[in-house]
Amino acid sequence: MKIGTPKEIYAGERRVAMTPDSAQALKKLGHECVIETGAGLEAGFDDAAYKAAGVTVVKTAAALWKAADVVAKVRAPNDAEMKRLRKDQTLISFFSPVADEDKMGQAATKGATVVAMEMIPRISRAQKMDALSSMANIAGYRSVIEAGNNFGRFFTGQITAAGKVPPAKVLVVGAGVAGLAAIGTSTSLGAITYAFDVRPEVAEQVESMGAEFVYLDFEEEQTDGAATGGYAAVSSPEFREAQLAKFRELAPDIDIVITTALIPNREAPELWTEDMVAAMKPGSVIVDLAAEKGGNCKLTVADEKIVTENGVTIIGYTDFPSRMATQSSTLYATNIRHLMTDLTPEKDGVVDHNMEDDVIRGATIAHAGDVTFPPPPPKVAAIAAAPKKEAPKELSAEEKRANEAAAFKSETKQQVTLLAVGAVLVLAVGLVAPASFMQHFVVFVLSVFIGFQVIWGVAHSLHTPLMAVTNAISSIIILGALIQIGSSSTLITLLAALGTFMAAVNIFGGFLVTRRMLAMFQKS
Amino acid sequence: MEFGFTIAAYAVAAVLFILSLGGLSGQESAKRAVWYGIVGMAIAVIATLTGPGQGLWFASLVLIAGGAAVGYQLATKVQMTQMPELVAIMHSLVGLAAVFVGFNADIMINDISAIYAQQGQVLGVLAADGYSAIGLPKEIHKGLSSFGQLIAKKTSVEITILQVELVLGIWIGAVTFTGSIIAYGKLAGRVDSVAKKLPGGHFLNAGAAVLSVVFAAMYLAGSGSFTLVLLTVLALFIGYHLIMGIGGADMPVVVSMLNSYSGWAAAAIGFSLGNDLLIVVGALVGSSGAILSYIMCKAMNRSFVSVILGGFGGPAGEQMAVEGEQIAIEADGVAAALNDADSVVIIPGYGMAVAQAQQGVAELTRKLRAKGKNVRFAIHPVAGRLPGHMNVLLAEAKVPYDIVMEMDEINDDFPDTDVAIVIGSNDIVNPAAQDDPNSPIAGMPVLECWKAKQVFVSKRGQGTGYSGIENPLFFKENTRMFYGDAKASIDKLMPLID
């Protein structure tokens, strides 16, 4: 079949849905490729490059839409493009089924098939075609670069001959794909990076990227992100309050804020309020990646960079991927190519639109004359639900201290009880026993005590030598035999002599065998 | 020399003994620590020999030299695999010596009473001051041995306490003596290691213990030395019957328990002789053995009482049926897997000791390590028949101790392990301990080797281990059974590793 990519019409859009590389891969699937002249120019791919890759270059968009069986593009089609869409044609592009509901209806009535890149389900198998992730990655990276461009200082701290430079403090709100990319970029530039997310289970990912996760002092059953396909869900008002309070506390110290908080099919939640902006130092930068959906900061103006009265720069660009058109085109074209691979299972150039397939079904919003949105829930869960576990890290400092205090208390209680019982027993013995016995008894009690203290420290691997050595020294009983041996009674002398002999066997045997064993323990 | 000097020497010796035990916290410091023990013992013996009241020092030296010769023979000839037997038999010697010394004390008391009687006096009568005893006339007192003098000075209360102490010393010593001999027999394979009891079981033990108390009371009431002999006979029986009733798998606990007893016996004798060094060392050894028993019990998730009472308690319900079959594999298959593996964990058990396979295993380890593979050993606390038994065997075979890991250190690493080799161990790798609440070993900490990608079990044949518990590990999908004598199996394997 013929796969065609028109030039993007949307103002400022520089990406292209097909690159020479992806075209070559598509040809291996048995497809032919067509491209509108100049479509890849802004992304750094000229017509000659496409031609060299065996792509047919057509002069006009109309000719392209006519020639192609499958049209792959980046932005959702505008009205002119919708008119060009015809029966049995497949359109692959970003296409919000909620915002562009009318267009979805039109496409269905026409009998065209629409595959919305936003709708690719988030399952492992579909990662290679997940354009939202690949674009978010770029947006996250670029947001940090853009912030740096508008920030008057270094990211990294330095001590130079010309003075000390403190490192920049970056707060990333929302640790999704874009957030994590921003964290990675920011930490690798040397900034001290903090990150927050409503899903506490991402704390581990955040920390693995080198940032510090901002925990809230908040007790609530938080929704496991796995239940919502890995996306964030709406949080309770109490939680929101706790979150805002935390941000308010952080705001004066933070130099750069990157907000990436989006909830699917909803307005972006307001997380960075005006008073927080006011609390920030002049020269600080806010990059609002949610600008397209209204922004996480209400001061954000979509597609524009503004400077507030107190000198805080707020960047509301919505075209970060487009600003890195070469990179994003390469990734997007690869996503499309993977999707086509799934659509052409036989690699014979025939598209088999298999509506039984979870990924294809999930992404298809119009097919065979019907609107097929919303899709049924996928058969495979997006992410295995994490087993509910008590995250010990979420304990606040006070709770930790309380726990420690409680543990200390119970330990003290146990120890005091043992001591009291022991002391009472010893005292009881002392009441009846004569003083000469008690003198020895003191020695005995102290020795047992020392014995317990010392033996706990013995290494497990040395338990056999320990037994041999204790065996040897328990033959100290030889002293008793030696004292008795000089007695006038023959019976005593005989028994004492036997005792001496046996204890001597033990002393020598025990120590020698211990030495033998210990000599064998060697380090590599 | 003066008595004060002897006591000072004892103090030095006591400090050295404490250092000697404390030094066992690390492999390197242990080598120094054993010397502390030797020097301490030498000081104690010399101080006693040269101290007051010691007659026959030449005879004593001859006896010690004789004992040294025998001890040297034992220590140098013993195979490392026979270490548990050696330790057990040596405990029996301490026990017997304690019995002898205790009897001597009793004989001495009788002798002194006789001397008092000759003088027309009674031993232990209080003097006018109400504290000290009326002594013998000076010249007779001088003529007694130092131990005799010690007794002659005692009041009647002190004599009673002395008798309590020596009863305890003799009783514990006698239990230790027969118990250790039976433990030795079981470990050496001369006595069937299966738990056996005479008809009447625990009631026999309990009865004997009650009778012992009766005889002890009679003895203290002055019924004469024959009660002491009867008490000793009963104690000997308890020692025999108690250990006969404990299965082979519980031997680590038994040996450490006997170790502890031999210490308490020495301490009790120390009390009766009024010798502080005996008390100190007895208490050290006693507590050391008690801690070892505790650690062993913990490692098997069993209470001390249930070990002593012998045998495993009956299962709480139906044990899980084991499904699947044991799949055998030949040496070439094991070798192929080892050649491909990057990380290998070897889990040795008593079977390795029995087959004397430790040298082969060490050789195999060297060969694998030379190829850059990460080879480690996982040691369960109760692997073998003595605490730390496997460590000693591996050390003998020159396996570096830093690749020999404890259970807690290595259990988390099994999921990242390519090959786990189980050599002659069974219950310590039994997943039923975790999966089956009705298993007799439920809750016992085990080495989770089944989490490794592949498990090979070197085992003599099908069948259950000492405890007679079926092991589901052998039926797991990633487990292959490598049947045969451990040593022969390893020897077969060796040339195939390239």
# chains A, B, ... in the order shown; residues from 1 in each chain; ligands from 1

$ select_by_dssp --residues "stretch 102-234 of chain A" --states "helix (DSSP H, G or I)" --output "VMD selection string"
chain A and resid 102 to 110 117 to 119 124 to 129 131 to 149 177 to 189 200 to 208 225 to 228

$ residues_around --residues "A:Tyr50" --least-positions-apart "5" --cutoff "9 Å" --atoms "only C-alpha atoms" --output "ChimeraX atom specification"
/A:19-21,23,35,40,45,55-57

$ residues_around --residues "A:Leu491" --least-positions-apart "3" --cutoff "12 Å" --atoms "only C-alpha atoms" --output "mmCIF file with N, CA and C atoms, in the first residue's frame"
data_model
loop_
_atom_site.group_PDB
_atom_site.id
_atom_site.type_symbol
_atom_site.label_atom_id
_atom_site.label_comp_id
_atom_site.auth_asym_id
_atom_site.auth_seq_id
_atom_site.Cartn_x
_atom_site.Cartn_y
_atom_site.Cartn_z
ATOM 1 N N GLN A 484 43.233 -31.532 94.594
ATOM 2 C CA GLN A 484 42.858 -32.701 95.394
ATOM 3 C C GLN A 484 43.893 -33.814 95.348
ATOM 4 N N ILE A 485 44.758 -33.787 94.342
ATOM 5 C CA ILE A 485 45.610 -34.953 94.104
ATOM 6 C C ILE A 485 46.567 -35.211 95.272
ATOM 7 N N GLY A 486 46.917 -34.153 95.999
ATOM 8 C CA GLY A 486 47.873 -34.343 97.090
ATOM 9 C C GLY A 486 47.245 -34.838 98.382
ATOM 10 N N SER A 487 46.017 -35.340 98.296
ATOM 11 C CA SER A 487 45.320 -35.732 99.519
ATOM 12 C C SER A 487 45.931 -36.991 100.135
ATOM 13 N N SER A 488 45.635 -37.172 101.412
ATOM 14 C CA SER A 488 46.152 -38.352 102.094
ATOM 15 C C SER A 488 45.361 -39.597 101.723
ATOM 16 N N LEU A 494 43.563 -41.180 93.516
ATOM 17 C CA LEU A 494 43.336 -41.946 92.295
ATOM 18 C C LEU A 494 42.341 -41.236 91.372
ATOM 19 N N LEU A 495 41.209 -40.849 91.981
ATOM 20 C CA LEU A 495 40.185 -40.170 91.173
ATOM 21 C C LEU A 495 40.736 -38.852 90.624
ATOM 22 N N ALA A 496 41.474 -38.118 91.469
ATOM 23 C CA ALA A 496 42.028 -36.832 91.035
ATOM 24 C C ALA A 496 43.035 -37.043 89.907
ATOM 25 N N ALA A 497 43.810 -38.130 90.015
ATOM 26 C CA ALA A 497 44.788 -38.406 88.967
ATOM 27 C C ALA A 497 44.084 -38.669 87.644
ATOM 28 N N LEU A 498 43.012 -39.466 87.704
ATOM 29 C CA LEU A 498 42.239 -39.748 86.491
ATOM 30 C C LEU A 498 41.677 -38.450 85.911
ATOM 31 N N PHE B 100 34.339 -36.936 88.980
ATOM 32 C CA PHE B 100 35.422 -37.378 89.865
ATOM 33 C C PHE B 100 35.731 -36.335 90.921
ATOM 34 N N VAL B 101 35.897 -35.098 90.475
ATOM 35 C CA VAL B 101 36.253 -34.044 91.421
ATOM 36 C C VAL B 101 35.156 -33.880 92.455
ATOM 37 N N PHE B 103 33.061 -36.208 93.550
ATOM 38 C CA PHE B 103 33.141 -37.315 94.497
ATOM 39 C C PHE B 103 34.283 -37.108 95.481
ATOM 40 N N ASN B 104 35.395 -36.621 94.980
ATOM 41 C CA ASN B 104 36.530 -36.347 95.865
ATOM 42 C C ASN B 104 36.138 -35.407 96.989
ATOM 43 N N ALA B 105 35.354 -34.393 96.630
ATOM 44 C CA ALA B 105 34.947 -33.430 97.644
ATOM 45 C C ALA B 105 34.121 -34.127 98.721
ATOM 46 N N ASP B 106 33.243 -35.009 98.254
ATOM 47 C CA ASP B 106 32.407 -35.733 99.223
ATOM 48 C C ASP B 106 33.263 -36.598 100.146
ATOM 49 N N ILE B 107 34.229 -37.314 99.514
ATOM 50 C CA ILE B 107 35.108 -38.172 100.318
ATOM 51 C C ILE B 107 35.858 -37.332 101.329
ATOM 52 N N MET B 108 36.305 -36.155 100.893
ATOM 53 C CA MET B 108 37.053 -35.281 101.768
ATOM 54 C C MET B 108 36.203 -34.841 102.960
ATOM 55 N N ASP B 111 36.108 -37.632 105.325
ATOM 56 C CA ASP B 111 37.383 -37.780 106.027
ATOM 57 C C ASP B 111 37.510 -36.766 107.147
#

$ residues_around --residues "A:Ser461" --least-positions-apart "3" --cutoff "12 Å" --atoms "only C-alpha atoms" --output "VMD selection string"
(chain A and resid 457 to 458 464 to 467 517 to 518 521) or (chain B and resid 24 to 27 30 377 to 383 386 to 395 401 to 407)

$ atom_distance --atom1 "atom CA of B:Ala47" --atom2 "atom CA of A:Ile477"
14.0 Å

$ residues_around --residues "A:Ser475" --least-positions-apart "2" --cutoff "6 Å" --atoms "only C-alpha atoms" --output "PyMOL selection string"
(chain A and resi 472-473+477-478+503+507) or (chain B and resi 94)

$ write_last_selection --atoms "N, CA and C atoms" --output "CSV table (one decimal), in the first residue's frame"
chain,number,residue,atom,x,y,z
A,472,ALA,N,38.2,-26.7,75.3
A,472,ALA,CA,39.5,-26.8,75.9
A,472,ALA,C,39.6,-26.0,77.2
A,473,ILE,N,39.0,-24.9,77.3
A,473,ILE,CA,39.1,-24.1,78.5
A,473,ILE,C,38.2,-24.6,79.6
A,477,ILE,N,38.8,-27.5,84.8
A,477,ILE,CA,38.4,-28.4,86.0
A,477,ILE,C,39.6,-29.1,86.5
A,478,ILE,N,40.7,-29.1,85.6
A,478,ILE,CA,41.9,-29.8,86.0
A,478,ILE,C,42.4,-29.1,87.3
A,503,ALA,N,41.4,-34.2,81.8
A,503,ALA,CA,41.4,-32.8,81.5
A,503,ALA,C,42.6,-32.4,80.7
A,507,ILE,N,42.6,-30.4,77.2
A,507,ILE,CA,43.3,-29.1,77.1
A,507,ILE,C,44.1,-29.1,75.8
B,94,VAL,N,35.2,-33.8,80.1
B,94,VAL,CA,35.0,-32.8,81.1
B,94,VAL,C,34.0,-33.2,82.0

$ atom_distance --atom1 "atom CA of B:Asp250" --atom2 "atom CA of A:Gly510"
23.1 Å

$ atom_distance --atom1 "atom CA of B:Tyr116" --atom2 "atom CA of B:Gly4"
28.1 Å

$ select_by_dssp --residues "stretch 181-287 of chain A" --states "strand (DSSP E or B)" --output "list in words"
Ile192, Thr193, Tyr194, Ala195, Phe196, Glu212, Phe213, Ile256, Val257, Ile258, Thr259, Trp272, Val285, Ile286 and Val287 of chain A

$ residues_around --residues "stretch 258-264 of chain A" --least-positions-apart "4" --cutoff "8 Å" --atoms "only C-alpha atoms" --output "VMD selection string"
chain A and resid 143 to 144 170 to 176 178 to 179 182 231 to 234 268 to 269 286 to 290 293 296

$ residues_around --residues "A:Val177" --least-positions-apart "5" --cutoff "10 Å" --atoms "only C-alpha atoms" --output "list of chain:residue names"
A:Leu132, A:Ser133, A:Ser134, A:Met135, A:Ala136, A:Asn137, A:Ile138, A:Ala139, A:Gly140, A:Ala182, A:Ile183, A:Thr260

$ closest_residue --among "B:Arg190, B:Lys138, B:Lys153, B:Lys371" --to "chain A" --atoms "only C-alpha atoms"
B:Lys153

$ closest_residue --among "A:Ile192, A:Ala459, A:Ala116, A:Ala435" --to "B:Glu158" --atoms "only C-alpha atoms"
A:Ala435

$ closest_residue --among "A:Ala519, A:Val454, A:Lys2, A:Leu26" --to "B:Gly22" --atoms "only C-alpha atoms"
A:Val454
